[in-house]
Amino acid sequence: MLGKILSVHEYDITLENVSGKVETALIGVHIVFEEKYKVVAEITRITCSEIECILVGEFIGDKFTTGIIHKPSNNSLIRIVNKSEVIALVGKQEIDTSDTIYMGKSLTYEGFNISARLNDMFSNHFAIIGNTGSGKSCTVARLFQNLFYKKNYIPYNSHFVLFDVYGEYHPALDRINQTKYCRCKFFTTDVNSKKGQIVKIPPYYLEVDDIALLLNVDSKTQIPIIEKALKYVYLFTEDESIVMDHKNNIIAKALMDILTSGKEPAQIRDQIFAVLTTFNTSKLNLDSEIVQPGYTRTLRQCFKIDETGKINAMQLVTEYIEKFINEDLKLSKDMIPRQYKLKDLYDAFEFALISEGVLKSDKIYDLNNILKVRLDSIISGDYGEYFDVDEYISKEEYIKKLFINENGEKVQIVNFNLNFVDERFAKTLTKIYSKLFLDYATSLPNNQDFSVQIVLEEAHRYVQNDSDIDTIGYNIFDRITKEGRKYGVILGLITQRPSELSTTALSQCSNYIVLRMFHPDDLNIIKNITHSVSVSDIEKLKSLSPGIALCFGNAFNIPLFTKIDKPEPTPNSTNVEIIKQWFKSPEELEKIKANLNPIENNKQNENTIEIFQ
């Protein structure tokens, strides 16, 4: 069947079909052009007269390498790969090994397993892509099970963090807790949960960027208020005697801004009262006494407006308040709170607003006050529960505790169920945690001490070309895909819409597991990822059965169509059983009718229409 070479064009080769038969079973099979070297190609198309192939690599000795150095000539012996060469292409056939992970069965070579080089798979960013119903969740669950069900090579020191959008992985991963050495830990965003641990993030971990994400900042001009608020948190966590002068200084400056604003006396009085009602100290408040020869008045009394509409004691008030201003008084770098609550941050925001003089401008005030309003809605709503942490815990200890269960056993998988928060807040949580892991990994003196694989279900919701770069200057997922690998922070992107993912993040992935796909934009992205995926392979993606995937990347020698084994147990990701949900037998319906209100039952009987007699 394999005749002489008719043409060679870059990576494409056309052979003569000497048999004249269209043997479709050979499509996807690999052939060897053997001369001084052995060049390997995949058969992609067969007609009565021609066989089309795409070059995929070479054998150097018994080892296969991707990439083409040589090209075949007419002197080459052309043959189908033998058994040992098939194993070299698809990977080790043993399932329980230390350096590979079993992926599934080969569709092309019956009876052969397909495995990925474990180090290349999990030390590089990866993507699992496929339409709804193609088997993404089952593939993810099966990979975890293949890894953690190993008998002789236990991934005891691994760290996986799975952000589970729908809370569907619990049954598939819980059985790992029944193995002898490995454990899975579950966190939930359901604040009423009696089972999993509720997500808890110490608010004092939040930096300027985290708060900007939490409060949905959409303008760079809002960042300075956040920076100032974080500085002022210290003033609300320490004893007043320690921070009295600083508080008085800030309050006095804000009051002077109001006094010199040129507004109507009534407006000035109302704003002064508003500020001192919210912010005051034992020395500067509305009941502070101003002593004059012959009489003593409170600050409140000094703002009485006379019959002419003026504040007669304006000069007296101004002189009194100016005494609290100290231009040389600054918050030092070591004045950082050890811990604080979101309520402290809220108070600090109000302090930051008045200290910035935003009361002078309604436009500036409204722009920045919205951040305070958003923070208040978090504090007073269910989401505030996630930041309600009383005790102090260092970031290092916090991360270590994530990977230890209640029994003190080491945990290898941490599952975050995000099913009970909206999409925007879920996006924020994943970014805060991902930044926390990256910061921790980069702080370690030896970056080989800790590695973590962050797996994002429905990644297109979170890993986007969003506005983060415009507001905080970077996107954490883009940063991780560009910098995280050398620190052992790896992203796993699970998505049904690669065209909606951040182009930077997707371009940094080294391994891909692609299940059934339809959308032209998504197919085009897969097509352009690597030259070794043929046009016919792309076409096959449109009609793959659930659980069948095209695997390619650094961990694989060549692109391979793989039947992923069904996980046991499966995640809760199956489609609704419409037949079971809709239909009832007449006997079942009679029982239902018997339990109805008698009046309603009679009404139904009067209007009964018999059909299909």
# chains A, B, ... in the order shown; residues from 1 in each chain; ligands from 1
$ select_by_dssp --residues "region 528-580 of chain A" --states "helix (DSSP H, G or I)" --output "ChimeraX atom specification"
/A:528-529,535-541,578-580
$ write_last_selection --atoms "C-alpha atoms" --output "PDB file, in the first residue's frame"
ATOM      1  CA  ASN A 528      -2.822  27.129  15.950  1.00  0.00           C
ATOM      2  CA  ILE A 529      -1.371  25.800  19.197  1.00  0.00           C
ATOM      3  CA  VAL A 535      -6.369  19.374  10.004  1.00  0.00           C
ATOM      4  CA  SER A 536      -7.991  15.938  10.099  1.00  0.00           C
ATOM      5  CA  ASP A 537      -7.385  15.745  13.869  1.00  0.00           C
ATOM      6  CA  ILE A 538      -9.135  19.105  14.277  1.00  0.00           C
ATOM      7  CA  GLU A 539     -12.064  17.827  12.236  1.00  0.00           C
ATOM      8  CA  LYS A 540     -12.290  14.727  14.422  1.00  0.00           C
ATOM      9  CA  LEU A 541     -12.773  16.925  17.509  1.00  0.00           C
ATOM     10  CA  ILE A 578     -35.531  14.547  31.549  1.00  0.00           C
ATOM     11  CA  ILE A 579     -37.390  11.249  31.084  1.00  0.00           C
ATOM     12  CA  LYS A 580     -37.178  10.386  34.782  1.00  0.00           C
TER      13      LYS A 580
END
$ residues_around --residues "region 98-107 of chain A" --least-positions-apart "2" --cutoff "6 Å" --atoms "only C-alpha atoms" --output "list in words"
Ile95, Tyr109, Phe112, Asn113, Ile114, Ser115, Ala116, Arg117, Leu118, Tyr153, Phe561, Thr562, Lys563, Ile564 and Asp565 of chain A
$ write_last_selection --atoms "N, CA, C and O atoms" --output "PDB file, in the first residue's frame"
ATOM      1  N   ILE A  95       0.963   0.927  34.487  1.00  0.00           N
ATOM      2  CA  ILE A  95       0.135   1.996  35.062  1.00  0.00           C
ATOM      3  C   ILE A  95       0.743   2.561  36.341  1.00  0.00           C
ATOM      4  O   ILE A  95       0.733   3.764  36.559  1.00  0.00           O
ATOM      5  N   TYR A 109      -4.205   2.527  18.386  1.00  0.00           N
ATOM      6  CA  TYR A 109      -3.507   1.248  18.568  1.00  0.00           C
ATOM      7  C   TYR A 109      -4.233   0.443  19.653  1.00  0.00           C
ATOM      8  O   TYR A 109      -4.036   0.659  20.852  1.00  0.00           O
ATOM      9  N   PHE A 112      -3.284  -0.777  23.569  1.00  0.00           N
ATOM     10  CA  PHE A 112      -2.164  -0.001  24.111  1.00  0.00           C
ATOM     11  C   PHE A 112      -2.677   1.098  25.054  1.00  0.00           C
ATOM     12  O   PHE A 112      -3.667   1.772  24.760  1.00  0.00           O
ATOM     13  N   ASN A 113      -1.965   1.229  26.175  1.00  0.00           N
ATOM     14  CA  ASN A 113      -2.248   2.329  27.093  1.00  0.00           C
ATOM     15  C   ASN A 113      -1.547   3.594  26.618  1.00  0.00           C
ATOM     16  O   ASN A 113      -0.524   3.537  25.931  1.00  0.00           O
ATOM     17  N   ILE A 114      -2.072   4.737  27.034  1.00  0.00           N
ATOM     18  CA  ILE A 114      -1.402   6.010  26.775  1.00  0.00           C
ATOM     19  C   ILE A 114      -1.053   6.622  28.126  1.00  0.00           C
ATOM     20  O   ILE A 114      -1.893   6.689  29.029  1.00  0.00           O
ATOM     21  N   SER A 115       0.176   7.040  28.255  1.00  0.00           N
ATOM     22  CA  SER A 115       0.622   7.665  29.498  1.00  0.00           C
ATOM     23  C   SER A 115       1.325   8.977  29.193  1.00  0.00           C
ATOM     24  O   SER A 115       1.811   9.198  28.073  1.00  0.00           O
ATOM     25  N   ALA A 116       1.362   9.851  30.194  1.00  0.00           N
ATOM     26  CA  ALA A 116       2.056  11.138  30.073  1.00  0.00           C
ATOM     27  C   ALA A 116       3.220  11.151  31.043  1.00  0.00           C
ATOM     28  O   ALA A 116       3.156  10.545  32.117  1.00  0.00           O
ATOM     29  N   ARG A 117       4.290  11.817  30.639  1.00  0.00           N
ATOM     30  CA  ARG A 117       5.425  11.977  31.550  1.00  0.00           C
ATOM     31  C   ARG A 117       4.976  12.883  32.691  1.00  0.00           C
ATOM     32  O   ARG A 117       4.647  14.054  32.483  1.00  0.00           O
ATOM     33  N   LEU A 118       4.989  12.344  33.901  1.00  0.00           N
ATOM     34  CA  LEU A 118       4.385  13.023  35.036  1.00  0.00           C
ATOM     35  C   LEU A 118       5.057  14.355  35.325  1.00  0.00           C
ATOM     36  O   LEU A 118       4.388  15.359  35.591  1.00  0.00           O
ATOM     37  N   TYR A 153       3.674   4.119  44.298  1.00  0.00           N
ATOM     38  CA  TYR A 153       4.275   5.456  44.202  1.00  0.00           C
ATOM     39  C   TYR A 153       3.225   6.475  44.638  1.00  0.00           C
ATOM     40  O   TYR A 153       2.350   6.862  43.870  1.00  0.00           O
ATOM     41  N   PHE A 561      -5.113  10.425  20.311  1.00  0.00           N
ATOM     42  CA  PHE A 561      -6.519  10.308  20.675  1.00  0.00           C
ATOM     43  C   PHE A 561      -6.643   9.224  21.741  1.00  0.00           C
ATOM     44  O   PHE A 561      -6.214   8.084  21.541  1.00  0.00           O
ATOM     45  N   THR A 562      -7.239   9.601  22.861  1.00  0.00           N
ATOM     46  CA  THR A 562      -7.235   8.753  24.044  1.00  0.00           C
ATOM     47  C   THR A 562      -8.640   8.575  24.590  1.00  0.00           C
ATOM     48  O   THR A 562      -9.393   9.552  24.716  1.00  0.00           O
ATOM     49  N   LYS A 563      -8.980   7.354  24.925  1.00  0.00           N
ATOM     50  CA  LYS A 563     -10.251   7.091  25.605  1.00  0.00           C
ATOM     51  C   LYS A 563      -9.984   7.115  27.103  1.00  0.00           C
ATOM     52  O   LYS A 563      -9.329   6.225  27.645  1.00  0.00           O
ATOM     53  N   ILE A 564     -10.477   8.179  27.756  1.00  0.00           N
ATOM     54  CA  ILE A 564     -10.274   8.321  29.194  1.00  0.00           C
ATOM     55  C   ILE A 564     -11.224   7.378  29.931  1.00  0.00           C
ATOM     56  O   ILE A 564     -12.424   7.343  29.649  1.00  0.00           O
ATOM     57  N   ASP A 565     -10.689   6.595  30.850  1.00  0.00           N
ATOM     58  CA  ASP A 565     -11.536   5.702  31.630  1.00  0.00           C
ATOM     59  C   ASP A 565     -12.546   6.506  32.449  1.00  0.00           C
ATOM     60  O   ASP A 565     -12.242   7.601  32.938  1.00  0.00           O
TER      61      ASP A 565
END
$ residues_around --residues "Asn405 (chain A)" --least-positions-apart "2" --cutoff "12 Å" --atoms "only C-alpha atoms" --output "PyMOL selection string"
chain A and resi 177+182-187+196-197+400-403+407-414
$ residues_around --residues "Thr298 (chain A)" --least-positions-apart "3" --cutoff "9 Å" --atoms "only C-alpha atoms" --output "number ranges by chain"
A: 286-291, 301-302
$ atom_distance --atom1 "CA of Thr570 (chain A)" --atom2 "CA of Ile454 (chain A)"
20.9 Å
$ residues_around --residues "Glu458 (chain A)" --least-positions-apart "2" --cutoff "6 Å" --atoms "only C-alpha atoms" --output "list in words"
His460, Arg461, Ile494 and Thr495 of chain A
$ closest_residue --among "A:Glu58, A:Val373, A:Ser355, A:Ile393" --to "Lys200 (chain A)" --atoms "only C-alpha atoms"
A:Ile393
$ closest_residue --among "A:Ile513, A:Ile242, A:Tyr156, A:Val29" --to "Glu110 (chain A)" --atoms "only C-alpha atoms"
A:Val29
$ closest_residue --among "A:Ser467, A:Thr430, A:Gln178, A:Gln292" --to "Ile201 (chain A)" --atoms "only C-alpha atoms"
A:Thr430
$ select_by_dssp --residues "region 279-456 of chain A" --states "strand (DSSP E)" --output "short mmCIF file (atom, residue, chain, number, x, y, z; two decimals) with N, CA, C and O atoms, in the first residue's frame"
data_model
loop_
_atom_site.label_atom_id
_atom_site.label_comp_id
_atom_site.auth_asym_id
_atom_site.auth_seq_id
_atom_site.Cartn_x
_atom_site.Cartn_y
_atom_site.Cartn_z
N GLU A 289 -14.65 71.11 75.34
CA GLU A 289 -14.91 72.44 75.90
C GLU A 289 -13.86 73.44 75.45
O GLU A 289 -12.66 73.19 75.51
N ILE A 290 -14.34 74.58 74.98
CA ILE A 290 -13.48 75.70 74.61
C ILE A 290 -13.62 76.75 75.70
O ILE A 290 -14.69 77.35 75.88
N VAL A 291 -12.55 76.95 76.42
CA VAL A 291 -12.58 77.83 77.60
C VAL A 291 -12.14 79.23 77.20
O VAL A 291 -11.07 79.43 76.59
N GLN A 292 -12.98 80.20 77.50
CA GLN A 292 -12.69 81.62 77.27
C GLN A 292 -12.88 82.37 78.59
O GLN A 292 -13.63 81.92 79.47
N TYR A 295 -16.42 82.46 80.36
CA TYR A 295 -17.41 81.43 80.00
C TYR A 295 -16.71 80.25 79.33
O TYR A 295 -15.59 80.34 78.84
N THR A 296 -17.42 79.14 79.30
CA THR A 296 -16.95 77.91 78.65
C THR A 296 -18.08 77.38 77.78
O THR A 296 -19.22 77.25 78.23
N ARG A 297 -17.74 77.08 76.53
CA ARG A 297 -18.73 76.52 75.60
C ARG A 297 -18.20 75.23 74.99
O ARG A 297 -16.99 75.07 74.85
N THR A 298 -19.12 74.35 74.63
CA THR A 298 -18.71 73.13 73.91
C THR A 298 -18.53 73.48 72.43
O THR A 298 -19.06 74.49 71.95
N ILE A 413 -5.07 17.26 48.36
CA ILE A 413 -6.02 18.00 47.52
C ILE A 413 -6.90 18.87 48.40
O ILE A 413 -7.51 18.38 49.36
N VAL A 414 -6.97 20.15 48.09
CA VAL A 414 -7.89 21.07 48.76
C VAL A 414 -8.93 21.50 47.74
O VAL A 414 -8.59 22.07 46.70
N ASN A 415 -10.20 21.20 48.03
CA ASN A 415 -11.29 21.51 47.11
C ASN A 415 -12.11 22.67 47.66
O ASN A 415 -12.64 22.60 48.76
N PHE A 416 -12.20 23.76 46.87
CA PHE A 416 -13.01 24.91 47.25
C PHE A 416 -14.32 24.87 46.45
O PHE A 416 -14.30 25.04 45.22
N ASN A 417 -15.43 24.68 47.13
CA ASN A 417 -16.74 24.68 46.50
C ASN A 417 -17.23 26.13 46.40
O ASN A 417 -17.58 26.75 47.40
N VAL A 452 2.60 23.92 44.00
CA VAL A 452 1.15 23.80 44.10
C VAL A 452 0.55 23.88 42.70
O VAL A 452 0.95 24.71 41.88
N GLN A 453 -0.38 22.97 42.43
CA GLN A 453 -1.11 22.96 41.16
C GLN A 453 -2.50 23.55 41.42
O GLN A 453 -3.29 22.96 42.15
N ILE A 454 -2.78 24.72 40.84
CA ILE A 454 -4.06 25.40 41.02
C ILE A 454 -4.95 25.05 39.83
O ILE A 454 -4.67 25.46 38.70
N VAL A 455 -6.00 24.29 40.08
CA VAL A 455 -6.88 23.82 39.00
C VAL A 455 -8.17 24.63 39.04
O VAL A 455 -8.88 24.64 40.06
N LEU A 456 -8.49 25.29 37.93
CA LEU A 456 -9.64 26.19 37.85
C LEU A 456 -10.71 25.60 36.94
O LEU A 456 -10.55 25.56 35.72
#
$ closest_residue --among "A:Thr428, A:Thr221, A:Asn419, A:Asn248" --to "Val165 (chain A)" --atoms "only C-alpha atoms"
A:Asn419
$ atom_distance --atom1 "CA of Ala141 (chain A)" --atom2 "CA of Tyr169 (chain A)"
7.2 Å
$ atom_distance --atom1 "CA of Phe148 (chain A)" --atom2 "CA of Asn572 (chain A)"
19.6 Å
